[in-house]
$ cat model26.csv   # CSV, C-alpha atoms
chain,number,residue,atom,x,y,z
L,890,MET,CA,80.9,-4.8,190.2
L,891,HIS,CA,77.3,-3.5,190.2
L,892,PRO,CA,74.9,-5.7,188.3
L,893,ILE,CA,74.0,-2.9,185.9
L,894,MET,CA,77.7,-2.4,185.1
L,895,ARG,CA,78.0,-6.1,184.5
L,896,GLY,CA,75.0,-5.9,182.2
L,897,PHE,CA,76.8,-3.3,180.1
L,898,ILE,CA,79.8,-5.6,179.7
L,899,ARG,CA,77.5,-8.6,178.8
L,900,THR,CA,75.9,-6.4,176.1
L,901,ALA,CA,79.3,-5.5,174.9
L,902,VAL,CA,80.4,-9.1,174.7
L,903,PHE,CA,77.3,-10.0,172.8
L,904,ALA,CA,78.1,-7.2,170.4
L,905,ALA,CA,81.6,-8.5,170.0
L,906,GLY,CA,80.1,-12.0,169.2
L,907,LEU,CA,78.0,-10.5,166.4
L,908,SER,CA,81.1,-8.7,165.0
L,909,ALA,CA,83.0,-12.0,164.9
L,910,THR,CA,80.0,-13.7,163.3
L,911,ALA,CA,80.0,-11.1,160.5
L,912,ALA,CA,83.7,-11.6,160.1
L,913,LEU,CA,83.2,-15.3,159.7
L,914,ALA,CA,80.7,-14.7,157.0
L,915,GLN,CA,83.3,-12.7,155.1
L,916,HIS,CA,86.1,-15.1,155.7
L,917,PRO,CA,84.6,-18.6,156.1
L,918,GLN,CA,88.0,-20.2,155.6
L,919,ASP,CA,89.2,-18.7,158.9
L,920,TYR,CA,86.3,-20.1,160.9
L,921,GLU,CA,88.4,-22.6,162.8
L,922,ALA,CA,91.1,-20.1,163.7
L,923,ILE,CA,88.7,-17.4,164.7
L,924,GLU,CA,86.5,-19.7,166.8
L,925,ARG,CA,89.6,-21.1,168.5
L,926,GLY,CA,90.9,-17.6,169.1
L,927,ARG,CA,87.5,-16.6,170.6
L,928,ALA,CA,87.6,-19.5,173.0
L,929,LEU,CA,91.2,-18.6,174.1
L,930,VAL,CA,90.4,-14.9,174.5
L,931,THR,CA,87.5,-16.0,176.7
L,932,ALA,CA,89.7,-18.3,178.7
L,933,GLY,CA,92.1,-15.3,179.2
L,934,ASP,CA,89.2,-13.1,180.5
L,935,CYS,CA,90.4,-10.3,178.3
L,936,VAL,CA,87.0,-8.6,178.0
L,937,ALA,CA,86.6,-7.9,181.8
L,938,CYS,CA,89.7,-5.7,182.0
L,939,HIS,CA,89.7,-4.2,178.5
L,940,THR,CA,86.1,-3.1,178.5
L,941,PRO,CA,85.3,0.2,180.2
L,942,ILE,CA,82.6,0.1,182.8
L,943,GLY,CA,79.4,1.4,181.3
L,944,SER,CA,80.6,1.0,177.8
L,945,ASP,CA,79.0,-0.9,174.9
L,946,LYS,CA,82.4,-1.0,173.1
L,947,PRO,CA,84.1,-4.3,174.1
L,948,PHE,CA,87.9,-4.4,174.3
L,949,SER,CA,88.2,-0.7,173.7
L,950,GLY,CA,90.2,-0.1,176.9
L,951,GLY,CA,90.1,2.6,179.6
L,952,ARG,CA,89.0,0.5,182.6
L,953,ALA,CA,91.0,1.3,185.7
L,954,ILE,CA,93.0,-1.6,187.1
L,955,GLU,CA,93.7,-1.0,190.8
L,956,THR,CA,97.2,-1.8,192.1
L,957,PRO,CA,98.9,-1.0,195.4
L,958,PHE,CA,101.0,1.6,193.5
L,959,GLY,CA,98.0,3.4,191.8
L,960,ASN,CA,95.7,2.8,188.9
L,961,ILE,CA,96.6,1.7,185.5
L,962,LEU,CA,94.2,2.0,182.6
L,963,SER,CA,93.8,-1.0,180.3
L,964,PRO,CA,94.7,-0.3,176.7
L,965,ASN,CA,92.5,-0.5,173.6
L,966,ILE,CA,92.9,-3.9,172.0
L,967,THR,CA,90.4,-3.5,169.1
L,968,PRO,CA,91.9,-3.5,165.6
L,969,ASP,CA,91.7,0.3,165.4
L,970,ARG,CA,95.0,1.2,163.7
L,971,ALA,CA,95.5,4.6,165.5
L,972,THR,CA,94.5,3.9,169.0
L,973,GLY,CA,94.2,0.1,169.2
L,974,ILE,CA,96.4,-2.8,168.0
L,975,GLY,CA,95.3,-2.9,164.4
L,976,ALA,CA,98.7,-1.7,163.2
L,977,TRP,CA,100.6,-4.2,165.3
L,978,SER,CA,102.4,-7.1,163.7
L,979,ASP,CA,101.9,-10.6,164.9
L,980,GLU,CA,105.5,-10.6,166.3
L,981,GLU,CA,104.8,-7.4,168.3
L,982,PHE,CA,101.6,-9.0,169.7
L,983,VAL,CA,103.4,-12.2,170.7
L,984,ARG,CA,106.2,-10.2,172.3
L,985,ALA,CA,103.8,-8.2,174.4
L,986,MET,CA,102.0,-11.4,175.6
L,987,GLN,CA,105.1,-13.5,176.3
L,988,LYS,CA,107.7,-10.9,177.3
L,989,GLY,CA,105.8,-7.9,178.5
L,990,VAL,CA,107.3,-5.6,175.9
L,991,GLY,CA,105.1,-3.1,174.0
L,992,ARG,CA,105.2,-2.1,170.4
L,993,GLU,CA,107.7,0.7,171.0
L,994,GLY,CA,110.0,-1.5,173.1
L,995,GLU,CA,108.6,-0.2,176.4
L,996,HIS,CA,108.3,-2.5,179.4
L,997,LEU,CA,104.7,-3.2,180.2
L,998,PHE,CA,103.5,-3.1,183.8
L,999,PRO,CA,102.6,-6.5,185.3
L,1000,ALA,CA,99.0,-5.5,186.0
L,1001,PHE,CA,98.9,-6.9,182.5
L,1002,PRO,CA,99.5,-10.6,183.4
L,1003,TYR,CA,102.2,-11.3,180.9
L,1004,THR,CA,103.9,-13.2,183.7
L,1005,ALA,CA,101.2,-15.9,183.1
L,1006,TYR,CA,100.6,-15.3,179.4
L,1007,THR,CA,104.2,-16.1,178.8
L,1008,LYS,CA,103.2,-19.7,179.2
L,1009,VAL,CA,100.7,-19.6,176.3
L,1010,THR,CA,102.0,-21.1,173.1
L,1011,ARG,CA,102.8,-19.0,170.1
L,1012,ASP,CA,100.1,-20.8,168.1
L,1013,ASP,CA,97.4,-20.1,170.6
L,1014,LEU,CA,98.5,-16.4,170.8
L,1015,LEU,CA,98.2,-16.1,167.1
L,1016,ALA,CA,94.8,-17.6,167.2
L,1017,MET,CA,93.8,-15.0,169.8
L,1018,ARG,CA,95.2,-12.4,167.5
L,1019,THR,CA,93.1,-13.7,164.6
L,1020,TYR,CA,90.0,-13.4,166.6
L,1021,LEU,CA,90.8,-9.9,167.9
L,1022,LYS,CA,91.2,-8.8,164.3
L,1023,THR,CA,87.5,-9.6,163.7
L,1024,LEU,CA,86.3,-7.1,166.4
L,1025,GLU,CA,84.8,-3.8,165.5
L,1026,PRO,CA,87.6,-1.2,165.5
L,1027,VAL,CA,87.0,1.5,168.2
L,1028,SER,CA,88.8,4.8,168.3
L,1029,ASN,CA,89.6,5.3,172.0
L,1030,ALA,CA,93.0,6.7,172.8
L,1031,VAL,CA,94.1,5.5,176.3
L,1032,GLU,CA,97.2,6.4,178.2
L,1033,PRO,CA,97.5,3.4,180.4
L,1034,ASN,CA,100.3,4.8,182.7
L,1035,GLN,CA,98.4,6.7,185.4
L,1036,LEU,CA,100.9,5.8,188.1
L,1037,PRO,CA,102.5,8.4,190.3
L,1038,PHE,CA,106.2,9.1,190.4
L,1039,PRO,CA,108.4,7.0,190.6
L,1040,PHE,CA,106.2,4.0,189.8
L,1041,ASN,CA,105.4,5.5,186.4
L,1042,MET,CA,109.0,5.1,185.2
L,1043,ARG,CA,108.8,2.2,182.8
L,1044,PHE,CA,112.5,1.5,182.8
L,1045,LEU,CA,112.2,0.3,186.4
L,1046,GLN,CA,110.2,-2.7,185.1
L,1047,PHE,CA,113.5,-4.0,183.7
L,1048,PHE,CA,114.7,-4.5,187.2
L,1049,TRP,CA,111.3,-5.9,188.3
L,1050,LYS,CA,111.4,-8.5,185.6
L,1051,THR,CA,115.0,-9.5,186.6
L,1052,LEU,CA,113.7,-10.3,190.0
L,1053,PHE,CA,110.3,-11.7,189.4
L,1054,PHE,CA,109.7,-12.8,185.8
L,1055,THR,CA,110.6,-16.1,184.2
L,1056,PRO,CA,109.6,-16.1,180.5
L,1057,GLY,CA,108.8,-19.3,178.7
L,1058,GLU,CA,106.0,-21.3,177.2
L,1059,TYR,CA,104.4,-24.1,179.4
L,1060,LYS,CA,106.2,-27.4,179.1
L,1061,PRO,CA,103.9,-30.4,179.7
L,1062,ASP,CA,104.8,-32.8,182.6
L,1063,PRO,CA,105.4,-36.2,181.0
L,1064,GLU,CA,104.5,-37.9,184.3
L,1065,LYS,CA,101.0,-36.4,184.3
L,1066,THR,CA,97.9,-37.0,182.2
L,1067,ALA,CA,96.9,-35.0,179.2
L,1068,GLU,CA,93.9,-33.6,181.2
L,1069,TRP,CA,96.2,-32.6,184.1
L,1070,ASN,CA,98.6,-30.8,181.7
L,1071,ARG,CA,95.7,-29.0,180.0
L,1072,GLY,CA,94.5,-27.8,183.4
L,1073,ALA,CA,97.9,-26.6,184.4
L,1074,TYR,CA,98.2,-24.8,181.1
L,1075,LEU,CA,94.9,-23.0,181.7
L,1076,VAL,CA,95.4,-22.3,185.4
L,1077,GLU,CA,99.0,-21.2,185.2
L,1078,GLY,CA,98.7,-19.5,181.8
L,1079,LEU,CA,95.6,-18.1,180.2
L,1080,GLY,CA,93.5,-18.2,183.4
L,1081,HIS,CA,96.3,-16.3,185.3
L,1082,CYS,CA,94.8,-17.5,188.5
L,1083,ALA,CA,98.0,-16.7,190.5
L,1084,SER,CA,97.5,-13.0,189.7
L,1085,CYS,CA,94.9,-13.0,192.5
L,1086,HIS,CA,95.3,-16.2,194.4
L,1087,THR,CA,99.1,-15.8,195.2
L,1088,GLY,CA,100.2,-13.3,197.7
L,1089,LYS,CA,102.4,-10.4,196.6
L,1090,ASN,CA,105.4,-8.8,198.3
L,1091,LEU,CA,106.1,-5.1,198.7
L,1092,LEU,CA,107.4,-4.9,195.2
L,1093,GLY,CA,104.4,-6.6,193.6
L,1094,GLY,CA,106.1,-9.9,192.9
L,1095,ASP,CA,104.7,-13.2,193.7
L,1096,LYS,CA,105.5,-14.7,197.1
L,1097,SER,CA,106.9,-18.2,197.2
L,1098,ALA,CA,103.6,-19.5,198.6
L,1099,ALA,CA,101.9,-20.1,195.3
L,1100,PHE,CA,98.1,-20.3,195.2
L,1101,GLN,CA,97.8,-19.9,199.0
L,1102,GLY,CA,95.6,-16.8,198.7
L,1103,GLY,CA,96.3,-13.1,198.3
L,1104,ALA,CA,95.0,-9.7,199.2
L,1105,LEU,CA,93.3,-7.8,196.4
L,1106,GLN,CA,91.4,-4.5,196.4
L,1107,ASN,CA,90.2,-5.0,200.0
L,1108,TRP,CA,89.2,-8.6,199.2
L,1109,PHE,CA,91.1,-11.8,199.9
L,1110,ALA,CA,91.3,-14.3,197.1
L,1111,PRO,CA,91.2,-17.6,198.9
L,1112,ASN,CA,93.7,-20.5,199.1
L,1113,LEU,CA,93.4,-22.9,196.1
L,1114,THR,CA,95.5,-25.7,197.5
L,1115,ALA,CA,94.4,-29.0,199.0
L,1116,ASP,CA,94.2,-27.5,202.5
L,1117,GLU,CA,90.9,-28.7,203.9
L,1118,ARG,CA,90.3,-25.8,206.3
L,1119,VAL,CA,91.2,-22.7,204.2
L,1120,GLY,CA,91.7,-24.2,200.8
L,1121,ILE,CA,89.7,-26.5,198.4
L,1122,GLY,CA,90.8,-29.8,199.9
L,1123,ALA,CA,87.2,-30.7,201.0
L,1124,TRP,CA,85.8,-29.8,197.6
L,1125,SER,CA,85.1,-32.6,195.0
L,1126,GLN,CA,86.2,-32.3,191.4
L,1127,ASP,CA,82.6,-32.0,190.4
L,1128,GLU,CA,82.0,-29.2,192.9
L,1129,LEU,CA,84.8,-27.2,191.4
L,1130,VAL,CA,83.5,-27.7,187.9
L,1131,GLU,CA,80.0,-26.7,189.0
L,1132,TYR,CA,81.3,-23.6,190.8
L,1133,LEU,CA,83.4,-22.5,187.7
L,1134,LYS,CA,80.4,-23.1,185.4
L,1135,THR,CA,77.6,-21.7,187.4
L,1136,GLY,CA,79.1,-19.6,190.2
L,1137,HIS,CA,77.1,-21.6,192.8
L,1138,THR,CA,77.4,-24.8,194.7
L,1139,ALA,CA,76.1,-26.2,198.0
L,1140,ARG,CA,79.3,-24.7,199.6
L,1141,SER,CA,79.7,-21.3,198.1
L,1142,ALA,CA,78.7,-18.5,195.7
L,1143,ALA,CA,80.9,-16.4,193.6
L,1144,SER,CA,80.8,-12.7,194.4
L,1145,GLY,CA,83.2,-9.7,194.3
L,1146,PRO,CA,86.0,-10.0,191.7
L,1147,MET,CA,85.4,-13.7,191.3
L,1148,SER,CA,81.9,-13.0,190.0
L,1149,GLU,CA,83.4,-11.3,187.0
L,1150,VAL,CA,85.7,-14.3,186.4
L,1151,VAL,CA,82.8,-16.7,186.5
L,1152,GLU,CA,80.5,-14.5,184.4
L,1153,PHE,CA,82.8,-13.5,181.6
L,1154,GLN,CA,85.4,-16.3,181.7
L,1155,THR,CA,84.8,-19.7,183.3
L,1156,SER,CA,81.0,-20.0,182.6
L,1157,GLN,CA,81.8,-19.5,178.9
L,1158,MET,CA,84.5,-22.2,178.8
L,1159,SER,CA,84.0,-25.8,177.7
L,1160,ASP,CA,83.1,-28.5,180.2
L,1161,GLY,CA,86.3,-30.3,179.2
L,1162,ASP,CA,88.5,-27.3,180.0
L,1163,LEU,CA,86.8,-26.8,183.4
L,1164,LYS,CA,87.3,-30.4,184.3
L,1165,ALA,CA,90.9,-30.2,183.4
L,1166,MET,CA,91.3,-27.1,185.6
L,1167,ALA,CA,89.6,-28.9,188.4
L,1168,ILE,CA,91.9,-32.0,188.0
L,1169,TYR,CA,95.0,-29.7,188.2
L,1170,LEU,CA,93.7,-27.7,191.2
L,1171,LYS,CA,92.7,-30.8,193.1
L,1172,ASP,CA,96.3,-32.0,192.8
L,1173,MET,CA,97.9,-28.9,194.3
L,1174,ALA,CA,99.5,-29.9,197.6
L,1175,ALA,CA,98.7,-27.9,200.7
L,1176,ALA,CA,101.4,-26.2,202.7
L,1177,PRO,CA,101.7,-27.0,206.5
L,1178,ASN,CA,99.0,-25.0,208.2
L,1179,LYS,CA,98.0,-25.9,211.7
L,1180,ALA,CA,94.4,-24.9,212.6
L,1181,PRO,CA,94.1,-22.7,215.6
L,1182,THR,CA,92.1,-23.8,218.6
L,1183,PRO,CA,88.5,-22.5,218.3
L,1184,LEU,CA,87.5,-19.8,220.8
L,1185,SER,CA,85.4,-21.0,223.7
L,1186,PRO,CA,81.6,-20.3,223.3
L,1187,ASP,CA,81.7,-18.9,226.8
L,1188,THR,CA,83.8,-15.9,225.9
L,1189,ALA,CA,82.1,-12.5,225.9
L,1190,ALA,CA,82.8,-12.0,222.1
L,1191,MET,CA,81.3,-15.4,221.3
L,1192,LYS,CA,78.2,-14.9,223.4
L,1193,ALA,CA,77.6,-11.4,221.9
L,1194,GLY,CA,78.3,-12.8,218.4
L,1195,ALA,CA,75.8,-15.7,218.9
L,1196,ALA,CA,73.0,-13.3,219.7
L,1197,LEU,CA,73.8,-11.0,216.8
L,1198,TYR,CA,74.0,-14.0,214.4
L,1199,MET,CA,70.5,-15.1,215.6
L,1200,ASP,CA,69.0,-11.7,215.0
L,1201,ASN,CA,70.8,-10.8,211.7
L,1202,CYS,CA,72.1,-13.9,209.9
L,1203,GLN,CA,70.2,-17.0,210.9
L,1204,ALA,CA,67.3,-16.5,208.5
L,1205,CYS,CA,69.5,-17.1,205.5
L,1206,HIS,CA,72.5,-18.9,206.7
L,1207,MET,CA,70.6,-21.2,209.1
L,1208,SER,CA,71.1,-21.9,212.8
L,1209,LYS,CA,74.1,-24.2,212.3
L,1210,GLY,CA,75.7,-22.2,209.4
L,1211,GLU,CA,74.6,-24.8,206.8
L,1212,GLY,CA,73.1,-22.1,204.5
L,1213,VAL,CA,70.7,-22.9,201.7
L,1214,GLU,CA,72.1,-24.8,198.8
L,1215,LYS,CA,72.9,-22.7,195.7
L,1216,LEU,CA,71.3,-19.6,197.3
L,1217,PHE,CA,73.0,-18.6,200.6
L,1218,PRO,CA,76.6,-19.9,201.1
L,1219,ARG,CA,77.4,-22.4,203.8
L,1220,LEU,CA,79.4,-20.9,206.7
L,1221,ALA,CA,80.2,-24.1,208.4
L,1222,GLY,CA,83.5,-25.4,207.0
L,1223,SER,CA,83.9,-22.4,204.7
L,1224,ALA,CA,87.4,-21.7,203.6
L,1225,VAL,CA,86.5,-18.0,203.1
L,1226,VAL,CA,85.2,-17.8,206.6
L,1227,GLN,CA,88.3,-19.4,208.1
L,1228,SER,CA,90.9,-17.6,206.0
L,1229,ASP,CA,93.8,-16.2,208.0
L,1230,ASP,CA,93.0,-12.8,206.3
L,1231,PRO,CA,89.3,-12.0,207.0
L,1232,ALA,CA,89.1,-9.2,204.5
L,1233,THR,CA,86.4,-10.8,202.3
L,1234,LEU,CA,84.2,-11.7,205.3
L,1235,LEU,CA,84.6,-8.2,206.7
L,1236,ARG,CA,83.8,-6.6,203.4
L,1237,MET,CA,80.7,-8.6,202.8
L,1238,VAL,CA,79.3,-8.0,206.2
L,1239,LEU,CA,80.0,-4.2,206.0
L,1240,GLN,CA,79.1,-3.6,202.3
L,1241,GLY,CA,77.0,-6.6,201.3
L,1242,ALA,CA,77.4,-8.4,198.1
L,1243,ARG,CA,75.5,-9.9,195.1
L,1244,SER,CA,76.5,-13.3,193.8
L,1245,VAL,CA,77.0,-13.9,190.1
L,1246,ALA,CA,74.1,-14.8,187.8
L,1247,THR,CA,75.0,-17.1,184.9
L,1248,ASP,CA,73.1,-18.8,182.1
L,1249,ALA,CA,73.2,-22.0,184.1
L,1250,ALA,CA,72.2,-20.4,187.4
L,1251,PRO,CA,70.4,-17.1,186.5
L,1252,THR,CA,69.5,-16.2,190.1
L,1253,GLY,CA,72.1,-14.1,191.8
L,1254,PRO,CA,71.1,-13.8,195.4
L,1255,ALA,CA,72.3,-10.7,197.4
L,1256,MET,CA,73.5,-10.2,200.9
L,1257,PRO,CA,72.5,-6.8,202.5
L,1258,ALA,CA,75.0,-4.4,204.0
L,1259,PHE,CA,75.2,-4.1,207.7
L,1260,ASP,CA,77.5,-1.1,208.0
L,1261,TRP,CA,74.6,1.2,208.8
L,1262,LYS,CA,73.1,-1.2,211.3
L,1263,LEU,CA,75.9,-2.7,213.4
L,1264,THR,CA,78.8,-1.0,215.2
L,1265,ASP,CA,82.4,-2.0,214.7
L,1266,ALA,CA,82.3,-4.0,218.0
L,1267,GLN,CA,79.1,-5.8,217.0
L,1268,ILE,CA,80.5,-6.7,213.5
L,1269,ALA,CA,83.7,-7.9,215.2
L,1270,ALA,CA,81.7,-10.1,217.6
L,1271,VAL,CA,79.5,-11.7,214.9
L,1272,ILE,CA,82.4,-12.4,212.6
L,1273,THR,CA,84.4,-13.9,215.5
L,1274,TYR,CA,81.4,-16.1,216.3
L,1275,VAL,CA,81.0,-17.4,212.7
L,1276,ARG,CA,84.8,-18.1,212.4
L,1277,ASN,CA,84.7,-20.2,215.6
L,1278,SER,CA,81.4,-22.1,215.4
L,1279,TRP,CA,80.1,-25.4,213.8
L,1280,GLY,CA,83.6,-26.8,213.5
L,1281,ASN,CA,85.2,-23.6,212.2
L,1282,ALA,CA,88.5,-22.4,213.7
L,1283,ALA,CA,90.1,-19.0,213.0
L,1284,GLY,CA,91.4,-16.0,214.8
L,1285,GLY,CA,89.0,-13.6,216.5
L,1286,ILE,CA,88.4,-10.1,215.1
L,1287,ASP,CA,88.5,-6.8,217.1
L,1288,ALA,CA,86.6,-3.6,216.5
L,1289,GLY,CA,89.8,-1.9,215.3
L,1290,ARG,CA,90.1,-4.3,212.4
L,1291,VAL,CA,86.5,-3.6,211.4
L,1292,ALA,CA,87.1,0.2,211.5
L,1293,LYS,CA,90.2,-0.3,209.4
L,1294,MET,CA,88.1,-1.9,206.7
L,1295,ARG,CA,85.2,0.4,207.0
L,1296,GLU,CA,87.2,3.5,206.1
L,1297,PRO,CA,88.3,2.6,202.5
L,1298,LEU,CA,84.9,1.0,201.7
L,1299,ALA,CA,83.2,4.3,202.5
L,1300,LYS,CA,85.3,6.0,199.8
L,1301,GLU,CA,84.3,3.5,197.0

$ encode --input "model26.csv" --output "structure tokens"
Amino acid sequence: MHPIMRGFIRTAVFAAGLSATAALAQHPQDYEAIERGRALVTAGDCVACHTPIGSDKPFSGGRAIETPFGNILSPNITPDRATGIGAWSDEEFVRAMQKGVGREGEHLFPAFPYTAYTKVTRDDLLAMRTYLKTLEPVSNAVEPNQLPFPFNMRFLQFFWKTLFFTPGEYKPDPEKTAEWNRGAYLVEGLGHCASCHTGKNLLGGDKSAAFQGGALQNWFAPNLTADERVGIGAWSQDELVEYLKTGHTARSAASGPMSEVVEFQTSQMSDGDLKAMAIYLKDMAAAPNKAPTPLSPDTAAMKAGAALYMDNCQACHMSKGEGVEKLFPRLAGSAVVQSDDPATLLRMVLQGARSVATDAAPTGPAMPAFDWKLTDAQIAAVITYVRNSWGNAAGGIDAGRVAKMREPLAKE
């Protein structure tokens, strides 16, 4: 998202905070429930999807959620009785969150991550509802279903749920610690991390390879398992907490869709919850994944890529891909660089990117776009070089793959 657009949402969130503060003054006895609900709504990252880009009306709906089947508009979840959820009962709210069923009995599309929210306890959902009631009501009628035929037929979701949805609140693992279980509850439930970091099949259901990365809006959400080459196996627990809190570490910087997650969700969460999430993630076993043999530096693509890297990349990412700590991401040993799906790397070289700015790390460095400067063959060469240098090992990229990415980006 463009920084200006993120600024609008930040302003909207601040306004929502003022609204909640006013509600607390009117109902001081509800402080604990309202504050707990606010923290849970933050952990669920509700504001990012339910606030229209460019709007100062948080949670009022209308933001387009891109799916492979078309766009869905997020609904208004302010307490407006006519166009929001002000007239909903608590039971209707819980049913929507845990079972994916709307107020009129309609099946909700899984772009709304009820497949994860089903794990959230009823008590926590009611606390979220208590907070949402304190928001300023906004009249904004939204028709979420913008999908083309036949995907717009809601009754088909019954069959989708039969195949891919298992309802039920999270059950703690008695063999694990309280922190581990808290982390599992947040990652699997409110955080809905699998929505992006687990691959999807042709019907939009989760593949069996949980948290091993997934394609998303011409990005690739990376592997979150203990794989040391393409996952977070080489990350320490403290590094994960730092990344979630600030968006920056010596290894990486959050950009693209993850920048919104950090800015509006994880950077606003408690250190205890972030530590719990890190503990759970660090315990996630890696699937067998044999690293490919790095390409020889003597190949034509590697030689061309080395020269292009020196001219275009070395100033920021350094001669050995070590980067600059908390400014320019490290390329050597990078899971994003070595991912089997190079979409994120391709997109960033073509279109550029700006990393997230948070209260703890207010500088959000940017990478310039190279789509205007380098040909498809040149971009393929430099990416191939980066993916196979300084200990990295990943498949090479050809010009056709770059051209395939360039086309949809030009339409954004």

$ atom_distance --input "model26.csv" --atom1 "CA of Gly1136 (chain L)" --atom2 "CA of Ser1156 (chain L)"
7.8 Å

$ atom_distance --input "model26.csv" --atom1 "CA of Lys1022 (chain L)" --atom2 "CA of Gly1057 (chain L)"
25.0 Å

$ residues_around --input "model26.csv" --residues "Asn1281 (chain L)" --least-positions-apart "3" --cutoff "12 Å" --atoms "all atoms listed in the file" --output "PDB file with C-alpha atoms, in the frame of the given file"
ATOM      1  CA  GLU L1117      90.900 -28.700 203.900  1.00  0.00           C
ATOM      2  CA  ARG L1118      90.300 -25.800 206.300  1.00  0.00           C
ATOM      3  CA  VAL L1119      91.200 -22.700 204.200  1.00  0.00           C
ATOM      4  CA  ALA L1180      94.400 -24.900 212.600  1.00  0.00           C
ATOM      5  CA  PRO L1181      94.100 -22.700 215.600  1.00  0.00           C
ATOM      6  CA  THR L1182      92.100 -23.800 218.600  1.00  0.00           C
ATOM      7  CA  PRO L1183      88.500 -22.500 218.300  1.00  0.00           C
ATOM      8  CA  LEU L1184      87.500 -19.800 220.800  1.00  0.00           C
ATOM      9  CA  SER L1185      85.400 -21.000 223.700  1.00  0.00           C
ATOM     10  CA  LYS L1209      74.100 -24.200 212.300  1.00  0.00           C
ATOM     11  CA  GLY L1210      75.700 -22.200 209.400  1.00  0.00           C
ATOM     12  CA  GLU L1211      74.600 -24.800 206.800  1.00  0.00           C
ATOM     13  CA  ARG L1219      77.400 -22.400 203.800  1.00  0.00           C
ATOM     14  CA  LEU L1220      79.400 -20.900 206.700  1.00  0.00           C
ATOM     15  CA  ALA L1221      80.200 -24.100 208.400  1.00  0.00           C
ATOM     16  CA  GLY L1222      83.500 -25.400 207.000  1.00  0.00           C
ATOM     17  CA  SER L1223      83.900 -22.400 204.700  1.00  0.00           C
ATOM     18  CA  ALA L1224      87.400 -21.700 203.600  1.00  0.00           C
ATOM     19  CA  VAL L1225      86.500 -18.000 203.100  1.00  0.00           C
ATOM     20  CA  VAL L1226      85.200 -17.800 206.600  1.00  0.00           C
ATOM     21  CA  GLN L1227      88.300 -19.400 208.100  1.00  0.00           C
ATOM     22  CA  SER L1228      90.900 -17.600 206.000  1.00  0.00           C
ATOM     23  CA  ILE L1272      82.400 -12.400 212.600  1.00  0.00           C
ATOM     24  CA  THR L1273      84.400 -13.900 215.500  1.00  0.00           C
ATOM     25  CA  TYR L1274      81.400 -16.100 216.300  1.00  0.00           C
ATOM     26  CA  VAL L1275      81.000 -17.400 212.700  1.00  0.00           C
ATOM     27  CA  ARG L1276      84.800 -18.100 212.400  1.00  0.00           C
ATOM     28  CA  ASN L1277      84.700 -20.200 215.600  1.00  0.00           C
ATOM     29  CA  SER L1278      81.400 -22.100 215.400  1.00  0.00           C
ATOM     30  CA  GLY L1284      91.400 -16.000 214.800  1.00  0.00           C
ATOM     31  CA  GLY L1285      89.000 -13.600 216.500  1.00  0.00           C
TER      32      GLY L1285
END

$ atom_distance --input "model26.csv" --atom1 "CA of Gln987 (chain L)" --atom2 "CA of Tyr1003 (chain L)"
5.9 Å

$ residues_near_point --input "model26.csv" --point "(101.3, -13.2, 180.7)" --cutoff "8 Å" --atoms "all atoms listed in the file" --output "list of chain:residue names"
L:Met986, L:Gln987, L:Lys988, L:Gly989, L:Phe1001, L:Pro1002, L:Tyr1003, L:Thr1004, L:Ala1005, L:Tyr1006, L:Thr1007, L:Lys1008, L:Val1009, L:Gly1078, L:Leu1079, L:His1081

$ residues_around --input "model26.csv" --residues "Leu1036 (chain L)" --least-positions-apart "2" --cutoff "9 Å" --atoms "all atoms listed in the file" --output "PyMOL selection string"
chain L and resi 958-961+1033-1034+1038-1042

$ residues_near_point --input "model26.csv" --point "(86.3, -16.2, 169.6)" --cutoff "8 Å" --atoms "all atoms listed in the file" --output "list in words"
Gly906, Ala909, Ile923, Glu924, Arg925, Gly926, Arg927, Ala928, Leu929, Val930, Thr931, Met1017, Tyr1020 and Leu1021 of chain L

$ closest_residue --input "model26.csv" --among "L:Gly1212, L:Tyr1169, L:Leu1014, L:Glu1032" --to "Ala1067 (chain L)" --atoms "all atoms listed in the file"
L:Tyr1169

$ closest_residue --input "model26.csv" --among "L:Glu1149, L:Glu955, L:Glu1296, L:Asp1160" --to "Glu1068 (chain L)" --atoms "all atoms listed in the file"
L:Asp1160

$ residues_around --input "model26.csv" --residues "Pro1218 (chain L)" --least-positions-apart "3" --cutoff "8 Å" --atoms "only C-alpha atoms" --output "PDB file with C-alpha atoms, in the coordinates of the input"
ATOM      1  CA  ALA L1139      76.100 -26.200 198.000  1.00  0.00           C
ATOM      2  CA  ARG L1140      79.300 -24.700 199.600  1.00  0.00           C
ATOM      3  CA  SER L1141      79.700 -21.300 198.100  1.00  0.00           C
ATOM      4  CA  ALA L1142      78.700 -18.500 195.700  1.00  0.00           C
ATOM      5  CA  HIS L1206      72.500 -18.900 206.700  1.00  0.00           C
ATOM      6  CA  GLU L1211      74.600 -24.800 206.800  1.00  0.00           C
ATOM      7  CA  GLY L1212      73.100 -22.100 204.500  1.00  0.00           C
ATOM      8  CA  VAL L1213      70.700 -22.900 201.700  1.00  0.00           C
ATOM      9  CA  GLU L1214      72.100 -24.800 198.800  1.00  0.00           C
ATOM     10  CA  LYS L1215      72.900 -22.700 195.700  1.00  0.00           C
TER      11      LYS L1215
END

$ closest_residue --input "model26.csv" --among "L:Thr1066, L:Ser1144, L:Asn1107, L:Ser1125" --to "Glu1301 (chain L)" --atoms "only C-alpha atoms"
L:Asn1107

$ closest_residue --input "model26.csv" --among "L:Arg1295, L:Lys1065, L:Lys1134, L:Lys1164" --to "Val1150 (chain L)" --atoms "only C-alpha atoms"
L:Lys1134
